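Q: Structure file structure.cif (mmCIF, N, CA and C atoms) is given on the next line.
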data_my_file
loop_
_atom_site.label_atom_id
_atom_site.label_comp_id
_atom_site.auth_asym_id
_atom_site.auth_seq_id
_atom_site.Cartn_x
_atom_site.Cartn_y
_atom_site.Cartn_z
N MET A 282 11.82 -8.99 46.52
CA MET A 282 10.45 -9.27 46.16
C MET A 282 10.36 -10.63 45.49
N PHE A 283 9.21 -11.24 45.59
CA PHE A 283 9.01 -12.59 45.06
C PHE A 283 8.58 -12.53 43.60
N GLY A 284 9.31 -13.23 42.75
CA GLY A 284 8.90 -13.42 41.37
C GLY A 284 8.94 -12.19 40.50
N MET A 285 9.60 -11.12 40.89
CA MET A 285 9.66 -9.93 40.04
C MET A 285 10.73 -10.12 38.98
N LEU A 286 10.34 -10.02 37.76
CA LEU A 286 11.26 -10.15 36.65
C LEU A 286 11.22 -8.87 35.82
N PRO A 287 12.35 -8.44 35.32
CA PRO A 287 12.32 -7.25 34.47
C PRO A 287 11.56 -7.55 33.18
N PHE A 288 10.88 -6.57 32.69
CA PHE A 288 10.16 -6.73 31.42
C PHE A 288 10.35 -5.47 30.60
N GLU A 289 10.08 -5.61 29.33
CA GLU A 289 10.24 -4.48 28.42
C GLU A 289 8.86 -3.96 28.08
N ARG A 290 8.64 -2.70 28.30
CA ARG A 290 7.36 -2.08 27.98
C ARG A 290 7.38 -1.71 26.50
N SER A 291 6.28 -1.96 25.82
CA SER A 291 6.19 -1.59 24.41
C SER A 291 4.79 -1.08 24.12
N ASP A 292 4.69 -0.43 22.98
CA ASP A 292 3.40 0.09 22.56
C ASP A 292 2.70 -0.85 21.59
N ASP A 293 3.18 -2.08 21.51
CA ASP A 293 2.58 -3.04 20.58
C ASP A 293 1.17 -3.38 21.04
N ASN A 294 0.30 -3.61 20.08
CA ASN A 294 -1.02 -4.09 20.44
C ASN A 294 -1.19 -5.50 19.88
N LEU A 295 -2.22 -6.15 20.30
CA LEU A 295 -2.46 -7.54 19.93
C LEU A 295 -2.55 -7.72 18.43
N PHE A 296 -3.09 -6.74 17.70
CA PHE A 296 -3.30 -6.87 16.27
C PHE A 296 -1.99 -6.80 15.48
N ASP A 297 -0.91 -6.31 16.09
CA ASP A 297 0.38 -6.23 15.40
C ASP A 297 1.27 -7.43 15.69
N THR A 298 0.76 -8.43 16.37
CA THR A 298 1.58 -9.57 16.77
C THR A 298 2.21 -10.26 15.57
N PHE A 299 1.44 -10.52 14.51
CA PHE A 299 2.00 -11.20 13.34
C PHE A 299 3.07 -10.34 12.66
N ASP A 300 2.79 -9.04 12.50
CA ASP A 300 3.78 -8.16 11.86
C ASP A 300 5.07 -8.12 12.66
N ASN A 301 4.97 -8.06 13.98
CA ASN A 301 6.17 -8.03 14.81
C ASN A 301 6.94 -9.34 14.72
N PHE A 302 6.21 -10.46 14.68
CA PHE A 302 6.87 -11.75 14.52
C PHE A 302 7.64 -11.80 13.20
N THR A 303 6.99 -11.33 12.13
CA THR A 303 7.63 -11.34 10.81
C THR A 303 8.85 -10.44 10.79
N ARG A 304 8.74 -9.23 11.38
CA ARG A 304 9.88 -8.32 11.42
C ARG A 304 11.07 -8.97 12.15
N ASN A 305 10.80 -9.60 13.30
CA ASN A 305 11.86 -10.23 14.06
C ASN A 305 12.45 -11.43 13.34
N PHE A 306 11.60 -12.19 12.66
CA PHE A 306 12.06 -13.39 11.96
C PHE A 306 12.99 -13.03 10.80
N PHE A 307 12.63 -11.96 10.06
CA PHE A 307 13.40 -11.58 8.88
C PHE A 307 14.39 -10.44 9.16
N ARG A 308 14.66 -10.14 10.40
CA ARG A 308 15.51 -9.01 10.76
C ARG A 308 16.89 -9.08 10.11
N GLY A 309 17.50 -10.27 10.04
CA GLY A 309 18.84 -10.40 9.50
C GLY A 309 18.90 -10.43 7.99
N SER A 310 17.77 -10.52 7.32
CA SER A 310 17.79 -10.62 5.86
C SER A 310 17.43 -9.28 5.23
N ASN A 311 17.43 -9.24 3.94
CA ASN A 311 17.05 -8.03 3.22
C ASN A 311 15.55 -7.94 3.00
N ALA A 312 14.80 -8.94 3.43
CA ALA A 312 13.35 -8.94 3.24
C ALA A 312 12.71 -7.92 4.17
N SER A 313 11.60 -7.36 3.74
CA SER A 313 10.89 -6.40 4.58
C SER A 313 9.39 -6.56 4.38
N LEU A 314 8.64 -5.97 5.27
CA LEU A 314 7.19 -5.98 5.14
C LEU A 314 6.76 -4.97 4.09
N PRO A 315 5.61 -5.17 3.47
CA PRO A 315 5.16 -4.22 2.46
C PRO A 315 4.99 -2.82 3.03
N ALA A 316 5.12 -1.82 2.16
CA ALA A 316 4.99 -0.44 2.58
C ALA A 316 3.58 -0.13 3.04
N PHE A 317 2.59 -0.72 2.42
CA PHE A 317 1.20 -0.58 2.86
C PHE A 317 0.48 -1.87 2.56
N ARG A 318 -0.57 -2.12 3.28
CA ARG A 318 -1.28 -3.39 3.16
C ARG A 318 -2.26 -3.35 2.01
N THR A 319 -2.37 -4.47 1.32
CA THR A 319 -3.31 -4.58 0.22
C THR A 319 -4.07 -5.90 0.32
N ASP A 320 -5.28 -5.86 -0.16
CA ASP A 320 -6.10 -7.06 -0.30
C ASP A 320 -6.46 -7.16 -1.78
N ILE A 321 -6.33 -8.35 -2.35
CA ILE A 321 -6.69 -8.56 -3.75
C ILE A 321 -7.66 -9.73 -3.77
N ARG A 322 -8.82 -9.50 -4.39
CA ARG A 322 -9.80 -10.58 -4.46
C ARG A 322 -10.28 -10.75 -5.90
N ASP A 323 -10.64 -11.97 -6.22
CA ASP A 323 -11.13 -12.31 -7.54
C ASP A 323 -12.64 -12.13 -7.53
N ALA A 324 -13.16 -11.22 -8.35
CA ALA A 324 -14.59 -10.95 -8.41
C ALA A 324 -15.19 -11.47 -9.71
N GLY A 325 -14.66 -12.56 -10.23
CA GLY A 325 -15.20 -13.17 -11.45
C GLY A 325 -14.55 -12.59 -12.69
N ASP A 326 -15.13 -11.51 -13.21
CA ASP A 326 -14.61 -10.91 -14.44
C ASP A 326 -13.53 -9.86 -14.18
N LYS A 327 -13.20 -9.63 -12.91
CA LYS A 327 -12.18 -8.63 -12.56
C LYS A 327 -11.53 -8.99 -11.23
N PHE A 328 -10.40 -8.36 -10.98
CA PHE A 328 -9.77 -8.41 -9.67
C PHE A 328 -10.03 -7.07 -8.99
N VAL A 329 -10.25 -7.09 -7.70
CA VAL A 329 -10.42 -5.86 -6.92
C VAL A 329 -9.25 -5.76 -5.96
N LEU A 330 -8.48 -4.69 -6.07
CA LEU A 330 -7.33 -4.45 -5.20
C LEU A 330 -7.71 -3.31 -4.25
N GLU A 331 -7.59 -3.56 -2.96
CA GLU A 331 -7.85 -2.53 -1.96
C GLU A 331 -6.56 -2.27 -1.19
N ALA A 332 -6.09 -1.03 -1.21
CA ALA A 332 -4.85 -0.65 -0.54
C ALA A 332 -5.17 0.32 0.59
N GLU A 333 -4.61 0.06 1.76
CA GLU A 333 -4.82 0.94 2.92
C GLU A 333 -3.81 2.08 2.86
N LEU A 334 -4.30 3.30 2.68
CA LEU A 334 -3.45 4.49 2.62
C LEU A 334 -4.04 5.59 3.50
N PRO A 335 -4.18 5.36 4.80
CA PRO A 335 -4.78 6.38 5.67
C PRO A 335 -3.87 7.58 5.81
N GLY A 336 -4.48 8.76 5.90
CA GLY A 336 -3.71 9.99 6.09
C GLY A 336 -3.27 10.65 4.80
N PHE A 337 -3.49 10.00 3.68
CA PHE A 337 -3.12 10.58 2.40
C PHE A 337 -4.33 11.25 1.76
N ASP A 338 -4.08 12.32 1.01
CA ASP A 338 -5.11 12.93 0.19
C ASP A 338 -5.10 12.25 -1.17
N LYS A 339 -6.20 12.39 -1.90
CA LYS A 339 -6.28 11.77 -3.22
C LYS A 339 -5.16 12.27 -4.13
N GLY A 340 -4.78 13.54 -4.02
CA GLY A 340 -3.72 14.12 -4.84
C GLY A 340 -2.33 13.61 -4.49
N ASP A 341 -2.17 12.98 -3.32
CA ASP A 341 -0.88 12.44 -2.90
C ASP A 341 -0.58 11.09 -3.55
N ILE A 342 -1.59 10.48 -4.21
CA ILE A 342 -1.47 9.11 -4.72
C ILE A 342 -1.33 9.14 -6.23
N LYS A 343 -0.37 8.38 -6.73
CA LYS A 343 -0.15 8.27 -8.18
C LYS A 343 -0.20 6.80 -8.57
N LEU A 344 -0.86 6.53 -9.70
CA LEU A 344 -0.97 5.18 -10.25
C LEU A 344 -0.34 5.19 -11.64
N ASP A 345 0.63 4.33 -11.86
CA ASP A 345 1.30 4.24 -13.16
C ASP A 345 1.28 2.81 -13.65
N VAL A 346 1.06 2.66 -14.96
CA VAL A 346 1.10 1.35 -15.61
C VAL A 346 2.12 1.43 -16.73
N LYS A 347 3.09 0.51 -16.68
CA LYS A 347 4.11 0.46 -17.72
C LYS A 347 4.61 -0.97 -17.85
N ASP A 348 4.60 -1.48 -19.08
CA ASP A 348 5.12 -2.82 -19.39
C ASP A 348 4.50 -3.91 -18.51
N GLY A 349 3.19 -3.83 -18.27
CA GLY A 349 2.51 -4.86 -17.50
C GLY A 349 2.73 -4.78 -16.00
N ILE A 350 3.24 -3.65 -15.52
CA ILE A 350 3.47 -3.45 -14.08
C ILE A 350 2.67 -2.23 -13.62
N LEU A 351 1.85 -2.43 -12.59
CA LEU A 351 1.11 -1.34 -11.95
C LEU A 351 1.89 -0.90 -10.73
N THR A 352 2.19 0.40 -10.65
CA THR A 352 2.91 0.94 -9.50
C THR A 352 2.02 1.96 -8.79
N ILE A 353 1.84 1.75 -7.49
CA ILE A 353 1.09 2.68 -6.64
C ILE A 353 2.11 3.42 -5.80
N THR A 354 2.11 4.75 -5.88
CA THR A 354 3.03 5.58 -5.11
C THR A 354 2.21 6.60 -4.33
N ALA A 355 2.54 6.77 -3.06
CA ALA A 355 1.86 7.75 -2.22
C ALA A 355 2.93 8.54 -1.45
N GLU A 356 2.86 9.87 -1.55
CA GLU A 356 3.80 10.75 -0.84
C GLU A 356 3.01 11.80 -0.08
N HIS A 357 3.49 12.09 1.12
CA HIS A 357 2.80 13.09 1.95
C HIS A 357 3.84 13.83 2.78
N SER A 358 3.73 15.14 2.80
CA SER A 358 4.59 15.93 3.68
C SER A 358 3.73 16.91 4.47
N GLU A 359 4.16 17.19 5.68
CA GLU A 359 3.39 18.04 6.57
C GLU A 359 4.34 18.88 7.42
N ASN A 360 4.04 20.14 7.55
CA ASN A 360 4.83 21.05 8.39
C ASN A 360 3.90 21.72 9.40
N GLN A 361 4.31 21.74 10.64
CA GLN A 361 3.57 22.43 11.69
C GLN A 361 4.52 23.37 12.41
N GLU A 362 4.11 24.62 12.57
CA GLU A 362 4.97 25.60 13.25
C GLU A 362 4.16 26.33 14.31
N GLN A 363 4.80 26.60 15.42
CA GLN A 363 4.24 27.47 16.45
C GLN A 363 5.35 28.45 16.84
N LYS A 364 5.03 29.73 16.79
CA LYS A 364 6.02 30.74 17.13
C LYS A 364 5.50 31.60 18.28
N ASP A 365 6.44 32.17 19.01
CA ASP A 365 6.03 33.08 20.08
C ASP A 365 5.85 34.49 19.48
N ALA A 366 5.60 35.48 20.33
CA ALA A 366 5.34 36.84 19.87
C ALA A 366 6.53 37.45 19.13
N LYS A 367 7.74 37.01 19.42
CA LYS A 367 8.95 37.53 18.77
C LYS A 367 9.26 36.82 17.45
N GLY A 368 8.50 35.81 17.13
CA GLY A 368 8.73 35.07 15.89
C GLY A 368 9.69 33.91 16.05
N ALA A 369 10.12 33.64 17.28
CA ALA A 369 11.02 32.51 17.51
C ALA A 369 10.18 31.24 17.63
N TYR A 370 10.75 30.15 17.21
CA TYR A 370 10.03 28.88 17.26
C TYR A 370 9.87 28.40 18.70
N ILE A 371 8.65 28.03 19.02
CA ILE A 371 8.37 27.31 20.25
C ILE A 371 8.37 25.82 19.93
N ARG A 372 7.79 25.50 18.78
CA ARG A 372 7.73 24.12 18.33
C ARG A 372 7.64 24.13 16.80
N ARG A 373 8.40 23.25 16.17
CA ARG A 373 8.35 23.09 14.73
C ARG A 373 8.52 21.62 14.42
N GLU A 374 7.53 21.05 13.74
CA GLU A 374 7.57 19.63 13.43
C GLU A 374 7.38 19.44 11.94
N ARG A 375 8.13 18.48 11.40
CA ARG A 375 8.02 18.13 9.99
C ARG A 375 7.85 16.62 9.90
N ARG A 376 7.05 16.23 8.94
CA ARG A 376 6.84 14.80 8.73
C ARG A 376 6.74 14.55 7.23
N TYR A 377 7.39 13.49 6.78
CA TYR A 377 7.37 13.12 5.37
C TYR A 377 7.23 11.62 5.27
N GLY A 378 6.39 11.18 4.38
CA GLY A 378 6.23 9.75 4.17
C GLY A 378 6.07 9.44 2.70
N SER A 379 6.71 8.40 2.25
CA SER A 379 6.62 7.98 0.87
C SER A 379 6.54 6.46 0.82
N PHE A 380 5.56 5.94 0.11
CA PHE A 380 5.37 4.51 -0.03
C PHE A 380 5.18 4.17 -1.50
N SER A 381 5.65 2.99 -1.87
CA SER A 381 5.50 2.56 -3.25
C SER A 381 5.44 1.04 -3.30
N ARG A 382 4.53 0.52 -4.11
CA ARG A 382 4.45 -0.93 -4.35
C ARG A 382 4.12 -1.15 -5.81
N SER A 383 4.63 -2.25 -6.35
CA SER A 383 4.38 -2.59 -7.74
C SER A 383 3.72 -3.96 -7.82
N PHE A 384 2.86 -4.13 -8.83
CA PHE A 384 2.12 -5.37 -9.02
C PHE A 384 2.17 -5.78 -10.49
N ASP A 385 2.35 -7.07 -10.74
CA ASP A 385 2.31 -7.61 -12.09
C ASP A 385 0.85 -7.71 -12.50
N ILE A 386 0.48 -7.06 -13.59
CA ILE A 386 -0.92 -7.09 -14.03
C ILE A 386 -1.05 -7.79 -15.38
N THR A 387 -0.25 -8.83 -15.57
CA THR A 387 -0.38 -9.65 -16.76
C THR A 387 -1.78 -10.26 -16.78
N GLY A 388 -2.45 -10.21 -17.91
CA GLY A 388 -3.80 -10.76 -18.02
C GLY A 388 -4.88 -9.78 -17.63
N ILE A 389 -4.52 -8.50 -17.45
CA ILE A 389 -5.48 -7.46 -17.09
C ILE A 389 -5.66 -6.53 -18.28
N ASP A 390 -6.90 -6.09 -18.52
CA ASP A 390 -7.18 -5.11 -19.56
C ASP A 390 -6.76 -3.74 -19.04
N GLU A 391 -5.53 -3.33 -19.35
CA GLU A 391 -4.93 -2.11 -18.78
C GLU A 391 -5.74 -0.86 -19.09
N GLY A 392 -6.39 -0.80 -20.24
CA GLY A 392 -7.16 0.39 -20.62
C GLY A 392 -8.46 0.56 -19.86
N SER A 393 -8.90 -0.46 -19.14
CA SER A 393 -10.19 -0.41 -18.44
C SER A 393 -10.04 -0.35 -16.92
N ILE A 394 -8.85 -0.13 -16.41
CA ILE A 394 -8.65 -0.06 -14.97
C ILE A 394 -9.29 1.22 -14.43
N THR A 395 -10.03 1.09 -13.33
CA THR A 395 -10.63 2.25 -12.67
C THR A 395 -10.18 2.29 -11.22
N ALA A 396 -10.19 3.50 -10.64
CA ALA A 396 -9.74 3.66 -9.26
C ALA A 396 -10.65 4.64 -8.53
N ALA A 397 -10.80 4.40 -7.22
CA ALA A 397 -11.55 5.31 -6.34
C ALA A 397 -10.84 5.33 -4.99
N TYR A 398 -10.89 6.49 -4.31
CA TYR A 398 -10.24 6.63 -3.01
C TYR A 398 -11.25 7.21 -2.03
N ASN A 399 -11.58 6.41 -1.00
CA ASN A 399 -12.55 6.84 0.01
C ASN A 399 -12.09 6.38 1.38
N ASN A 400 -12.10 7.31 2.35
CA ASN A 400 -11.81 7.00 3.75
C ASN A 400 -10.51 6.22 3.94
N GLY A 401 -9.46 6.60 3.23
CA GLY A 401 -8.16 5.98 3.41
C GLY A 401 -7.96 4.66 2.69
N ILE A 402 -8.95 4.24 1.89
CA ILE A 402 -8.85 2.99 1.13
C ILE A 402 -8.87 3.31 -0.36
N LEU A 403 -7.81 2.90 -1.05
CA LEU A 403 -7.74 3.01 -2.50
C LEU A 403 -8.27 1.70 -3.08
N GLU A 404 -9.30 1.79 -3.92
CA GLU A 404 -9.88 0.61 -4.53
C GLU A 404 -9.67 0.66 -6.04
N LEU A 405 -9.02 -0.37 -6.57
CA LEU A 405 -8.79 -0.48 -8.01
C LEU A 405 -9.59 -1.65 -8.56
N ASN A 406 -10.30 -1.42 -9.65
CA ASN A 406 -10.98 -2.49 -10.36
C ASN A 406 -10.12 -2.84 -11.56
N LEU A 407 -9.66 -4.08 -11.60
CA LEU A 407 -8.75 -4.55 -12.64
C LEU A 407 -9.45 -5.61 -13.48
N PRO A 408 -10.12 -5.19 -14.58
CA PRO A 408 -10.86 -6.15 -15.40
C PRO A 408 -9.91 -7.16 -16.07
N LYS A 409 -10.31 -8.40 -16.05
CA LYS A 409 -9.51 -9.44 -16.69
C LYS A 409 -9.59 -9.28 -18.21
N ALA A 410 -8.47 -9.48 -18.87
CA ALA A 410 -8.44 -9.40 -20.32
C ALA A 410 -9.21 -10.58 -20.90
N VAL A 411 -9.96 -10.31 -21.93
CA VAL A 411 -10.71 -11.36 -22.60
C VAL A 411 -9.74 -12.12 -23.49
N PRO A 412 -9.62 -13.42 -23.29
CA PRO A 412 -8.67 -14.18 -24.11
C PRO A 412 -9.10 -14.16 -25.57
N VAL A 413 -8.13 -13.99 -26.43
CA VAL A 413 -8.40 -13.96 -27.86
C VAL A 413 -8.42 -15.40 -28.36
N VAL A 414 -9.57 -15.78 -28.88
CA VAL A 414 -9.74 -17.13 -29.40
C VAL A 414 -9.41 -17.08 -30.89
N PRO A 415 -8.44 -17.85 -31.32
CA PRO A 415 -8.10 -17.82 -32.75
C PRO A 415 -9.26 -18.34 -33.57
N GLU A 416 -9.52 -17.64 -34.67
CA GLU A 416 -10.59 -18.04 -35.55
C GLU A 416 -10.10 -19.16 -36.46
N SER A 417 -10.99 -20.07 -36.73
CA SER A 417 -10.64 -21.10 -37.70
C SER A 417 -11.56 -20.92 -38.91
N ARG A 418 -11.04 -21.21 -40.05
CA ARG A 418 -11.84 -21.10 -41.27
C ARG A 418 -11.46 -22.22 -42.21
N ARG A 419 -12.38 -22.53 -43.05
CA ARG A 419 -12.15 -23.60 -44.02
C ARG A 419 -11.75 -22.95 -45.34
N ILE A 420 -10.76 -23.54 -45.95
CA ILE A 420 -10.30 -23.03 -47.24
C ILE A 420 -10.82 -23.97 -48.32
N ALA A 421 -11.43 -23.37 -49.28
CA ALA A 421 -11.98 -24.15 -50.40
C ALA A 421 -10.85 -24.53 -51.35
N ILE A 422 -10.98 -25.72 -51.91
CA ILE A 422 -10.01 -26.22 -52.87
C ILE A 422 -10.57 -26.01 -54.27
N ASP A 423 -9.80 -25.40 -55.14
CA ASP A 423 -10.27 -25.16 -56.53
C ASP A 423 -10.02 -26.35 -57.40
#
For this file, produce the structure as structure tokens.
A:
Amino acid sequence: MFGMLPFERSDDNLFDTFDNFTRNFFRGSNASLPAFRTDIRDAGDKFVLEAELPGFDKGDIKLDVKDGILTITAEHSENQEQKDAKGAYIRRERRYGSFSRSFDITGIDEGSITAAYNNGILELNLPKAVPVVPESRRIAID
């Protein structure tokens, strides 16, 4: 046949092109892609962090703050079983996923952080800490 070349079939879609390029580029190193995607934007008096966590329930997600580090952890496990009339397995599937990312939140008012989870998106409002302006005072001379 004319011009037939072997090719590799894959399930990649156009939107994963950059991720696949990055995976291939860093394949030999210890670097890896983030466990889940996040967007962080500056909203003036606060930062808004949006993390994509589809398939997780609100109870699967934990947020911890310690020593100026915010850690987002999400764990999910699922079991599916199908048995025949005798109780023998026809199909049994298990799935487990765990993701974790940490962020430096220096300059954030840790006590005022709020979070909401809707439609697979975790949104954190991270208010900026108000800088403490040192007071100056005049001392009278006796």
Q: Can you tell me which residues surround A:Glu331 at a distance of at most 6.5 Å, considering all atoms listed in the file, apart from same-chain residues fewer than 4 positions away, and format the answer as a list in words?
A: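 What passes the distance filter is Arg318, Thr319, Asp320, Ile321, Arg322, Ile402, Leu403, Glu404 and Leu405 of chain A.
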Q: Quick one: write out the picked residues with N, CA and C atoms as an mmCIF file, in the frame of the given file?
A:
data_model
loop_
_atom_site.group_PDB
_atom_site.id
_atom_site.type_symbol
_atom_site.label_atom_id
_atom_site.label_comp_id
_atom_site.auth_asym_id
_atom_site.auth_seq_id
_atom_site.Cartn_x
_atom_site.Cartn_y
_atom_site.Cartn_z
ATOM 1 N N ARG A 318 -0.570 -2.120 3.280
ATOM 2 C CA ARG A 318 -1.280 -3.390 3.160
ATOM 3 C C ARG A 318 -2.260 -3.350 2.010
ATOM 4 N N THR A 319 -2.370 -4.470 1.320
ATOM 5 C CA THR A 319 -3.310 -4.580 0.220
ATOM 6 C C THR A 319 -4.070 -5.900 0.320
ATOM 7 N N ASP A 320 -5.280 -5.860 -0.160
ATOM 8 C CA ASP A 320 -6.100 -7.060 -0.300
ATOM 9 C C ASP A 320 -6.460 -7.160 -1.780
ATOM 10 N N ILE A 321 -6.330 -8.350 -2.350
ATOM 11 C CA ILE A 321 -6.690 -8.560 -3.750
ATOM 12 C C ILE A 321 -7.660 -9.730 -3.770
ATOM 13 N N ARG A 322 -8.820 -9.500 -4.390
ATOM 14 C CA ARG A 322 -9.800 -10.580 -4.460
ATOM 15 C C ARG A 322 -10.280 -10.750 -5.900
ATOM 16 N N ILE A 402 -8.950 4.240 1.890
ATOM 17 C CA ILE A 402 -8.850 2.990 1.130
ATOM 18 C C ILE A 402 -8.870 3.310 -0.360
ATOM 19 N N LEU A 403 -7.810 2.900 -1.050
ATOM 20 C CA LEU A 403 -7.740 3.010 -2.500
ATOM 21 C C LEU A 403 -8.270 1.700 -3.080
ATOM 22 N N GLU A 404 -9.300 1.790 -3.920
ATOM 23 C CA GLU A 404 -9.880 0.610 -4.530
ATOM 24 C C GLU A 404 -9.670 0.660 -6.040
ATOM 25 N N LEU A 405 -9.020 -0.370 -6.570
ATOM 26 C CA LEU A 405 -8.790 -0.480 -8.010
ATOM 27 C C LEU A 405 -9.590 -1.650 -8.560
#
Q: Just say which residues the PyMOL selection byres (((chain A and resi 349 and name CA) around 6) and name CA) picks in this file, as a ChimeraX atom specification.
A: /A:347-348,350,386-387
Q: Calculated over only C-alpha atoms, which of the candidates A:Asp423, A:Ser358, A:Glu416, A:Leu330 has the smallest distance to A:Glu374?
A: A:Ser358
Q: Just say which residues the PyMOL selection byres ((chain A and resi 377) around 6.5) picks in this file, as a list in words.
A: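 Against this file, the PyMOL selection byres ((chain A and resi 377) around 6.5) returns the residues His357, Ser358, Glu359, Arg375, Arg376, Gly378 and Ser379 of chain A.
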Q: Could you work out how far atom CA of A:Phe380 lies from atom CA of A:Gln363, giving the answer in Å with one decimal?
A: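 Distance reported for this atom pair: 28.3 Å.
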Q: Kindly indicate which residue among A:Ser383, A:Glu391, A:Thr354, A:Arg419 lies nearest to A:Leu407, using only N, CA and C atoms for the distances.
A: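 Ranking A:Ser383, A:Glu391, A:Thr354, A:Arg419 by distance to A:Leu407, first place goes to A:Glu391.
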Q: Would you compute the distance between atom N of A:Lys409 and atom C of A:Asp345? Give it in Å to one decimal.
A: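 According to the coordinates, atom N of A:Lys409 and atom C of A:Asp345 are separated by 16.3 Å.
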Q: Mind giving me the straight-line distance from atom N of A:Asp390 to atom N of A:Arg418 in Å, one decimal?
A: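 Interatomic distance here is 26.6 Å.
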Q: With only N, CA and C atoms as the basis for distance, which of A:Pro412, A:Gly340, A:Pro335, A:Gly325 is at the shortest distance from A:Asn400?
A: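 Of A:Pro412, A:Gly340, A:Pro335, A:Gly325, the one nearest A:Asn400, counting only N, CA and C atoms, is A:Pro335.
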Q: For A:Asn399, which residue out of A:Arg382, A:Lys364, A:Lys339, A:Arg372 is the nearest one, using all atoms listed in the file?
A: A:Lys339
Q: In the coordinate frame of the file, compute which residues have an atom within 6.5 Å of (1.6, 3.8, -3.2) when using only N, CA and C atoms, and state them as a list in words.
A: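 It turns out the residues near that spot are Ile342, Lys343, Thr352, Ile353, Thr354, Ala355, Glu356, Phe380, Ser381 and Arg382 of chain A.
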Q: Could you write out that same residue set with N, CA and C atoms as a PDB file, keeping the file's coordinate frame?
A:
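File produced: part_24.pdb:
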ATOM      1  N   ILE A 342      -1.590  10.480  -4.210  1.00  0.00           N
ATOM      2  CA  ILE A 342      -1.470   9.110  -4.720  1.00  0.00           C
ATOM      3  C   ILE A 342      -1.330   9.140  -6.230  1.00  0.00           C
ATOM      4  N   LYS A 343      -0.370   8.380  -6.730  1.00  0.00           N
ATOM      5  CA  LYS A 343      -0.150   8.270  -8.180  1.00  0.00           C
ATOM      6  C   LYS A 343      -0.200   6.800  -8.570  1.00  0.00           C
ATOM      7  N   THR A 352       2.190   0.400 -10.650  1.00  0.00           N
ATOM      8  CA  THR A 352       2.910   0.940  -9.500  1.00  0.00           C
ATOM      9  C   THR A 352       2.020   1.960  -8.790  1.00  0.00           C
ATOM     10  N   ILE A 353       1.840   1.750  -7.490  1.00  0.00           N
ATOM     11  CA  ILE A 353       1.090   2.680  -6.640  1.00  0.00           C
ATOM     12  C   ILE A 353       2.110   3.420  -5.800  1.00  0.00           C
ATOM     13  N   THR A 354       2.110   4.750  -5.880  1.00  0.00           N
ATOM     14  CA  THR A 354       3.030   5.580  -5.110  1.00  0.00           C
ATOM     15  C   THR A 354       2.210   6.600  -4.330  1.00  0.00           C
ATOM     16  N   ALA A 355       2.540   6.770  -3.060  1.00  0.00           N
ATOM     17  CA  ALA A 355       1.860   7.750  -2.220  1.00  0.00           C
ATOM     18  C   ALA A 355       2.930   8.540  -1.450  1.00  0.00           C
ATOM     19  N   GLU A 356       2.860   9.870  -1.550  1.00  0.00           N
ATOM     20  CA  GLU A 356       3.800  10.750  -0.840  1.00  0.00           C
ATOM     21  C   GLU A 356       3.010  11.800  -0.080  1.00  0.00           C
ATOM     22  N   PHE A 380       5.560   5.940   0.110  1.00  0.00           N
ATOM     23  CA  PHE A 380       5.370   4.510  -0.030  1.00  0.00           C
ATOM     24  C   PHE A 380       5.180   4.170  -1.500  1.00  0.00           C
ATOM     25  N   SER A 381       5.650   2.990  -1.870  1.00  0.00           N
ATOM     26  CA  SER A 381       5.500   2.560  -3.250  1.00  0.00           C
ATOM     27  C   SER A 381       5.440   1.040  -3.300  1.00  0.00           C
ATOM     28  N   ARG A 382       4.530   0.520  -4.110  1.00  0.00           N
ATOM     29  CA  ARG A 382       4.450  -0.930  -4.350  1.00  0.00           C
ATOM     30  C   ARG A 382       4.120  -1.150  -5.810  1.00  0.00           C
TER      31      ARG A 382
END
